[in-house]
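Student: start.cif (mmCIF, C-alpha atoms) pasted underneath:
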data_my_file
#
loop_
_atom_site.label_atom_id
_atom_site.label_comp_id
_atom_site.auth_asym_id
_atom_site.auth_seq_id
_atom_site.Cartn_x
_atom_site.Cartn_y
_atom_site.Cartn_z
CA MET A 1 5.39 -29.97 12.05
CA ALA A 2 1.83 -29.73 10.68
CA ASP A 3 0.39 -29.75 14.22
CA MET A 4 2.78 -26.98 15.28
CA GLN A 5 1.84 -24.88 12.25
CA ALA A 6 -1.82 -25.24 13.22
CA THR A 7 -0.97 -24.17 16.78
CA ARG A 8 0.79 -21.06 15.46
CA ARG A 9 -2.24 -20.15 13.36
CA ARG A 10 -4.66 -20.68 16.24
CA ALA A 11 -2.44 -18.68 18.61
CA ALA A 12 -2.26 -15.83 16.08
CA VAL A 13 -6.05 -15.72 15.82
CA ALA A 14 -6.30 -15.62 19.62
CA VAL A 15 -4.03 -12.58 20.02
CA PHE A 16 -4.59 -10.60 16.80
CA SER A 17 -8.35 -10.90 16.26
CA ASP A 18 -9.13 -8.02 18.65
CA LEU A 19 -6.76 -5.66 16.80
CA LEU A 20 -7.15 -6.55 13.10
CA ASP A 21 -10.14 -6.72 10.82
CA GLU A 22 -10.88 -9.91 8.90
CA GLY A 23 -8.85 -9.00 5.82
CA ALA A 24 -5.80 -7.84 7.78
CA LEU A 25 -5.97 -10.92 10.01
CA THR A 26 -6.04 -13.25 7.01
CA GLU A 27 -3.04 -11.41 5.51
CA ALA A 28 -1.18 -11.78 8.83
CA LEU A 29 -1.95 -15.51 8.96
CA TRP A 30 -0.59 -16.05 5.45
CA LEU A 31 2.51 -14.04 6.38
CA GLN A 32 2.99 -16.34 9.35
CA HIS A 33 2.47 -19.46 7.24
CA GLU A 34 5.03 -18.35 4.66
CA SER A 35 7.71 -16.80 6.90
CA MET A 36 7.54 -18.03 10.52
CA ARG A 37 9.64 -21.17 10.92
CA GLY A 38 9.78 -21.63 14.72
CA GLU A 39 8.49 -20.59 18.11
CA ASN A 40 11.64 -18.99 19.51
CA VAL A 41 11.48 -15.50 20.98
CA SER A 42 13.28 -14.10 17.93
CA ASP A 43 10.69 -15.73 15.60
CA ILE A 44 7.84 -14.26 17.63
CA ILE A 45 9.34 -10.77 17.73
CA SER A 46 10.06 -10.74 13.99
CA PHE A 47 6.53 -11.85 13.10
CA VAL A 48 4.77 -9.47 15.50
CA ASP A 49 6.93 -6.51 14.38
CA THR A 50 6.13 -7.14 10.71
CA VAL A 51 2.38 -7.33 11.35
CA ALA A 52 2.54 -4.22 13.55
CA GLN A 53 4.35 -2.20 10.87
CA ARG A 54 1.88 -3.23 8.17
CA ASN A 55 -1.10 -2.24 10.32
CA LEU A 56 0.38 0.78 12.16
CA LEU A 57 -0.12 -0.73 15.62
CA ASP A 58 1.05 1.37 18.54
CA VAL A 59 4.02 0.48 20.75
CA ALA A 60 1.90 -0.56 23.74
CA SER A 61 -0.10 -3.00 21.61
CA VAL A 62 3.09 -4.50 20.18
CA LYS A 63 4.48 -5.17 23.65
CA ARG A 64 1.25 -6.90 24.67
CA LEU A 65 1.36 -8.97 21.49
CA TYR A 66 4.87 -10.27 22.25
CA ASN A 67 3.76 -11.62 25.61
CA GLY A 68 0.29 -12.70 24.50
CA PHE A 69 1.52 -14.64 21.46
CA TYR A 70 4.26 -16.36 23.49
CA LYS A 71 1.70 -17.52 26.05
CA ALA A 72 -0.89 -18.54 23.43
CA LEU A 73 1.63 -20.86 21.76
CA ARG A 74 1.86 -22.76 25.04
CA GLU A 75 -1.85 -22.91 25.84
CA PRO A 76 -3.66 -26.29 25.84
CA SER A 77 -5.25 -27.02 22.48
CA GLU A 78 -8.80 -26.86 23.83
CA ARG A 79 -8.30 -23.24 24.94
CA LEU A 80 -7.34 -21.95 21.47
CA PRO A 81 -9.69 -20.94 18.62
CA LEU A 82 -10.37 -23.30 15.76
CA ASP A 83 -7.69 -23.64 13.09
CA PRO A 84 -8.34 -20.89 10.48
CA TRP A 85 -6.65 -22.86 7.68
CA PRO A 86 -9.85 -23.63 5.70
CA ALA A 87 -10.92 -19.96 5.86
CA MET A 88 -7.43 -18.83 4.79
CA GLN A 89 -7.52 -21.10 1.73
CA ALA A 90 -11.03 -19.96 0.82
CA ALA A 91 -10.04 -16.29 1.10
CA ARG A 92 -7.01 -16.77 -1.13
CA ALA A 93 -9.00 -18.73 -3.68
CA ALA A 94 -11.57 -15.93 -3.83
CA THR A 95 -8.87 -13.41 -4.79
CA ARG A 96 -7.56 -15.42 -7.72
CA PRO A 97 -8.85 -14.32 -11.14
CA PRO A 98 -11.19 -16.85 -12.78
CA ALA A 99 -9.82 -18.90 -15.62
CA PRO A 100 -10.68 -17.43 -19.03
CA PRO A 101 -13.45 -19.27 -20.90
CA PRO A 102 -12.35 -21.45 -23.82
CA ALA A 103 -12.22 -19.67 -27.12
CA PRO A 104 -15.27 -20.41 -29.30
CA VAL A 105 -14.69 -22.62 -32.30
CA ALA A 106 -15.35 -20.62 -35.42
CA PRO A 107 -17.39 -22.35 -38.15
CA PRO A 108 -15.55 -22.99 -41.39
CA ALA A 109 -15.55 -19.90 -43.56
CA ALA A 110 -17.54 -19.96 -46.74
CA PRO A 111 -15.52 -19.54 -49.89
CA THR A 112 -15.45 -15.96 -51.05
CA VAL A 113 -14.70 -14.33 -54.33
CA ALA A 114 -12.03 -11.64 -54.16
CA PRO A 115 -13.55 -8.28 -55.13
CA VAL A 116 -12.14 -6.27 -57.95
CA THR A 117 -10.30 -3.30 -56.43
CA ASN A 118 -9.45 0.09 -57.84
CA PRO A 119 -5.81 0.78 -56.88
CA VAL A 120 -6.35 4.55 -56.95
CA ALA A 121 -9.30 4.32 -54.56
CA VAL A 122 -7.32 2.07 -52.23
CA ALA A 123 -4.44 4.54 -52.07
CA MET A 124 -6.78 7.49 -51.36
CA ALA A 125 -8.62 5.59 -48.62
CA ALA A 126 -5.35 4.62 -46.94
CA ALA A 127 -4.19 8.24 -46.92
CA GLN A 128 -7.44 9.38 -45.32
CA ALA A 129 -7.54 6.63 -42.66
CA VAL A 130 -4.37 7.50 -40.77
CA ALA A 131 -5.17 6.94 -37.07
CA PRO A 132 -4.49 9.85 -34.73
CA GLN A 133 -1.30 9.33 -32.76
CA GLN A 134 -1.93 8.45 -29.10
CA VAL A 135 -0.19 10.60 -26.54
CA PRO A 136 1.59 8.31 -24.05
CA VAL A 137 0.70 8.76 -20.40
CA SER A 138 3.64 10.24 -18.50
CA GLU A 139 5.04 7.88 -15.87
CA GLU A 140 7.38 10.37 -14.20
CA PRO A 141 4.90 12.15 -11.86
CA PRO A 142 3.70 8.91 -10.17
CA VAL A 143 7.27 7.67 -9.69
CA VAL A 144 8.44 10.99 -8.24
CA PHE A 145 5.34 11.26 -6.02
CA GLY A 146 5.98 7.71 -4.82
CA ALA A 147 9.56 8.54 -3.85
CA LEU A 148 8.41 11.66 -1.98
CA MET A 149 5.68 9.82 -0.08
CA ARG A 150 7.93 6.91 0.89
CA ALA A 151 10.50 9.32 2.28
CA VAL A 152 7.90 11.28 4.26
CA VAL A 153 6.25 8.17 5.73
CA ALA A 154 9.62 6.61 6.60
CA GLU A 155 10.85 9.75 8.39
CA VAL A 156 7.68 10.17 10.44
CA TYR A 157 7.72 6.48 11.38
CA GLN A 158 11.40 6.52 12.33
CA HIS A 159 11.44 9.70 14.41
CA HIS A 160 7.80 10.19 15.48
CA ARG A 161 6.29 6.71 15.25
CA GLU A 162 3.30 7.56 17.42
CA ALA A 163 2.44 10.52 15.15
CA LEU A 164 2.13 8.50 11.92
CA ASP A 165 -1.42 7.44 12.73
CA GLU A 166 -2.33 11.07 13.44
CA VAL A 167 -0.91 12.15 10.08
CA ARG A 168 -2.87 9.38 8.36
CA LYS A 169 -6.16 10.39 10.00
CA ASP A 170 -5.68 14.09 9.23
CA ALA A 171 -4.76 13.36 5.60
CA LEU A 172 -7.83 11.18 5.08
CA GLN A 173 -10.09 13.79 6.67
CA ARG A 174 -8.87 16.37 4.15
CA LEU A 175 -9.00 13.97 1.20
CA ASP A 176 -12.60 14.64 0.16
CA ASP A 177 -11.73 18.27 -0.57
CA ALA A 178 -8.83 17.37 -2.88
CA MET A 179 -9.26 18.04 -6.60
CA ALA A 180 -8.53 14.46 -7.68
CA ALA A 181 -10.53 11.71 -9.35
CA PRO A 182 -12.56 9.50 -6.98
CA ALA A 183 -10.62 6.40 -8.04
CA LEU A 184 -7.31 8.10 -7.27
CA ARG A 185 -8.59 9.31 -3.89
CA GLN A 186 -9.60 5.74 -3.08
CA GLN A 187 -6.14 4.44 -4.01
CA PHE A 188 -4.59 7.11 -1.79
CA ARG A 189 -6.91 6.08 1.05
CA SER A 190 -6.02 2.40 0.59
CA GLY A 191 -2.32 3.20 0.56
CA TRP A 192 -2.47 4.38 4.17
CA SER A 193 -3.61 0.91 5.28
CA ARG A 194 -0.06 -0.29 4.56
CA ALA A 195 1.81 2.98 4.41
CA LEU A 196 5.28 1.58 5.11
CA GLN A 197 5.09 -1.15 2.46
CA HIS A 198 3.23 0.78 -0.27
CA ASP A 199 5.26 2.11 -3.22
CA TRP A 200 2.88 5.14 -3.42
CA GLN A 201 3.22 5.33 -7.22
CA LEU A 202 -0.38 6.39 -7.72
CA PRO A 203 -1.55 6.75 -11.36
CA GLY A 204 -2.58 10.39 -11.27
CA THR A 205 -1.87 13.46 -13.34
CA HIS A 206 0.64 16.10 -12.28
CA ALA A 207 -2.18 18.30 -10.99
CA GLU A 208 -3.87 15.50 -9.03
CA LEU A 209 -0.64 14.37 -7.39
CA ALA A 210 0.15 17.98 -6.48
CA GLU A 211 -3.25 18.09 -4.72
CA LEU A 212 -2.42 14.92 -2.77
CA THR A 213 0.95 16.41 -1.84
CA ARG A 214 -0.91 19.42 -0.43
CA VAL A 215 -3.17 17.11 1.58
CA VAL A 216 -0.13 15.37 3.11
CA TYR A 217 1.60 18.70 3.81
CA LEU A 218 -1.44 20.04 5.67
CA ALA A 219 -1.64 16.82 7.70
CA LEU A 220 2.05 17.18 8.59
CA GLY A 221 1.32 20.74 9.67
CA ASP A 222 -1.45 19.54 11.98
CA ALA A 223 1.00 17.11 13.61
CA PHE A 224 4.25 19.10 13.70
CA GLY A 225 3.36 22.73 12.96
CA ARG A 226 4.25 24.75 9.85
CA ALA A 227 8.00 24.71 10.42
CA GLY A 228 8.08 20.99 11.13
CA ALA A 229 6.00 20.20 8.05
CA ASP A 230 8.34 22.33 5.92
CA GLN A 231 11.35 20.39 7.13
CA VAL A 232 9.80 16.95 6.61
CA LEU A 233 8.64 17.89 3.11
CA LYS A 234 12.01 19.42 2.25
CA ARG A 235 13.86 16.23 3.15
CA GLY A 236 11.31 14.20 1.21
CA LEU A 237 11.92 16.36 -1.87
CA GLU A 238 15.67 15.82 -1.56
CA VAL A 239 15.10 12.07 -1.67
CA ALA A 240 12.68 12.35 -4.61
CA GLU A 241 15.24 14.39 -6.56
CA THR A 242 17.58 11.36 -6.59
CA VAL A 243 15.31 9.12 -8.70
CA PRO A 244 16.07 9.10 -12.47
CA GLU A 245 12.54 10.27 -13.31
CA ALA A 246 13.20 13.54 -11.47
CA LYS A 247 15.33 14.67 -14.42
CA ALA A 248 12.19 14.81 -16.55
CA PHE A 249 9.75 15.83 -13.81
CA SER A 250 11.05 18.00 -10.98
CA PRO A 251 9.66 17.02 -7.56
CA ARG A 252 9.08 20.70 -6.84
CA ARG A 253 6.26 20.69 -9.39
CA LEU A 254 4.29 18.69 -6.80
CA LEU A 255 4.26 21.83 -4.62
CA ALA A 256 2.18 23.80 -7.12
CA THR A 257 -0.96 23.94 -4.95
CA ILE A 258 0.77 24.69 -1.62
CA LYS A 259 0.53 28.41 -0.93
CA GLY A 260 3.24 30.33 0.90
CA LEU A 261 5.72 27.42 1.02
CA ARG A 262 9.29 28.55 1.67
CA ILE A 263 11.56 25.61 0.88
#
Would it be possible to restate this file's structure as structure tokens?

Tutor:
Amino acid sequence: MADMQATRRRAAVAVFSDLLDEGALTEALWLQHESMRGENVSDIISFVDTVAQRNLLDVASVKRLYNGFYKALREPSERLPLDPWPAMQAARAATRPPAPPPAPVAPPAAPTVAPVTNPVAVAMAAAQAVAPQQVPVSEEPPVVFGALMRAVVAEVYQHHREALDEVRKDALQRLDDAMAAPALRQQFRSGWSRALQHDWQLPGTHAELAELTRVVYLALGDAFGRAGADQVLKRGLEVAETVPEAKAFSPRRLLATIKGLRI
């Protein structure tokens, strides 16, 4: 069993290394280690399809991967790359947070003499030291935005799979002009690397998430035209309106920065 697992890993490196970067390849290898239990055709197809969806691989590449992975599993050992298991373990170890340092041992406290307090002064100081109430950060806009984005990505992938990569590229090209914090723009950019699996609940304000909605709408327009983008966004809004958070934050508020929208 251990030898066959090593063969699967080595075969995966042989066929995926030309299509995935180092991080994506390591993620694919761990996916294989944790989910692939055999070498049947159905096992191969399931694994390849999952990797392809996570990395937005085109249909032609997926078909080549089916055949290439099947053949690689049956290659002589000397014709396969080295087993990536040590590198996989090192990469996972590097992502784990370091253990917290032990708490310092406090020296024994010196005996103190309780000060004499004026009860009137204590009461006045307590009244003046009331901390300002913190305003909680609203969670509804990220949840509603996440529902909208998941619906849009799923529809494009289901009906126009080859266009999803075009939408991603156009959205990222327009991202630098969006009025959103750099950290939020980076999270939006990272989300497209695994668009189908991402929950898209980005921690932005209402205004920032409306800007990102505009970016996605314009990218849809580049791919499908104005009418097509309107329809995709409309159906995404209908899905977003079904989440409980939409009662407090209407999905249509995400359309605030889109001019001339008629839906």

Student: How would you write, as a PyMOL selection string, the residues chosen by the PyMOL selection byres ((chain A and resi 167-171) around 9) on this structure?

Tutor: chain A and resi 156+163-166+172-175+189+192+195+212+215-223

Student: For a quick check of understanding, using all atoms listed in the file, which of A:Thr257, A:Val144, A:Ala207, A:Gln158 has the smallest distance to A:Leu237?

Tutor: A:Val144

Student: Applying 12 Å and all atoms listed in the file, which residues near A:His206 remain after dropping the ones on its own chain fewer than 4 positions away? List them as a list in words.

Tutor: Val137, Ser138, Glu139, Glu140, Pro141, Pro142, Val143, Val144, Phe145, Met179, Ala180, Leu202, Ala210, Glu211, Leu212, Thr213, Phe249, Ser250, Pro251, Arg252, Arg253, Leu254, Leu255, Ala256 and Thr257 of chain A

Student: For each of A:Leu65, A:Leu31, A:Leu56, A:Ala151, take the minimum atom-to-atom distance to A:Phe16, counting all atoms listed in the file, then give the residue where this is smallest.

Tutor: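 Using all atoms listed in the file, A:Phe16 sits closest to A:Leu65.
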
Student: Would you please work out which residue, of A:Leu25, A:Ala227, A:Ile258, A:Ala147, is nearest to A:Val239 when using only C-alpha atoms?

Tutor: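 Going through A:Leu25, A:Ala227, A:Ile258, A:Ala147 one by one, the smallest distance to A:Val239 is for A:Ala147.
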
Student: Report, in Å with one decimal, the straight-line distance from atom CA of A:Val13 to atom CA of A:Phe188.

Tutor: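 Taking atom CA of A:Val13 and atom CA of A:Phe188, their separation equals 28.9 Å.
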
Student: With distances taken over only C-alpha atoms, which residue among A:Ala14, A:Val51, A:Leu184, A:Ala90 lies nearest A:Lys71?

Tutor: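 Closest to A:Lys71, using only C-alpha atoms: A:Ala14.
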
Student: Quick one: which residues end up in the PyMOL selection byres ((chain A and resi 23) around 12) for this structure, as a VMD selection string?

Tutor: chain A and resid 16 to 17 19 to 22 24 to 30 55 87 to 88 91 to 92 95 193

Student: Any chance you could export the current selection's C-alpha atoms as a PDB file, in the coordinates of the input?

Tutor:
ATOM      1  CA  PHE A  16      -4.590 -10.600  16.800  1.00  0.00           C
ATOM      2  CA  SER A  17      -8.350 -10.900  16.260  1.00  0.00           C
ATOM      3  CA  LEU A  19      -6.760  -5.660  16.800  1.00  0.00           C
ATOM      4  CA  LEU A  20      -7.150  -6.550  13.100  1.00  0.00           C
ATOM      5  CA  ASP A  21     -10.140  -6.720  10.820  1.00  0.00           C
ATOM      6  CA  GLU A  22     -10.880  -9.910   8.900  1.00  0.00           C
ATOM      7  CA  ALA A  24      -5.800  -7.840   7.780  1.00  0.00           C
ATOM      8  CA  LEU A  25      -5.970 -10.920  10.010  1.00  0.00           C
ATOM      9  CA  THR A  26      -6.040 -13.250   7.010  1.00  0.00           C
ATOM     10  CA  GLU A  27      -3.040 -11.410   5.510  1.00  0.00           C
ATOM     11  CA  ALA A  28      -1.180 -11.780   8.830  1.00  0.00           C
ATOM     12  CA  LEU A  29      -1.950 -15.510   8.960  1.00  0.00           C
ATOM     13  CA  TRP A  30      -0.590 -16.050   5.450  1.00  0.00           C
ATOM     14  CA  ASN A  55      -1.100  -2.240  10.320  1.00  0.00           C
ATOM     15  CA  ALA A  87     -10.920 -19.960   5.860  1.00  0.00           C
ATOM     16  CA  MET A  88      -7.430 -18.830   4.790  1.00  0.00           C
ATOM     17  CA  ALA A  91     -10.040 -16.290   1.100  1.00  0.00           C
ATOM     18  CA  ARG A  92      -7.010 -16.770  -1.130  1.00  0.00           C
ATOM     19  CA  THR A  95      -8.870 -13.410  -4.790  1.00  0.00           C
ATOM     20  CA  SER A 193      -3.610   0.910   5.280  1.00  0.00           C
TER      21      SER A 193
END

Student: Can you work out the spacing between atom CA of A:Glu208 and atom CA of A:Lys234 in Å, to one decimal?

Tutor: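 Computing the Euclidean distance for atom CA of A:Glu208 and atom CA of A:Lys234 yields 19.9 Å.
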
Student: Work out how far apart atom CA of A:Leu148 and atom CA of A:Gly228 are and give it in Å to one decimal.

Tutor: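 One can read the atom CA of A:Leu148 to atom CA of A:Gly228 distance as 16.1 Å.
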
Student: For A:Arg214, which residue among A:Gln201, A:Thr242, A:Lys259, A:Gln32 is the nearest when counting all atoms listed in the file?

Tutor: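 Selected residue with least distance to A:Arg214: A:Lys259.
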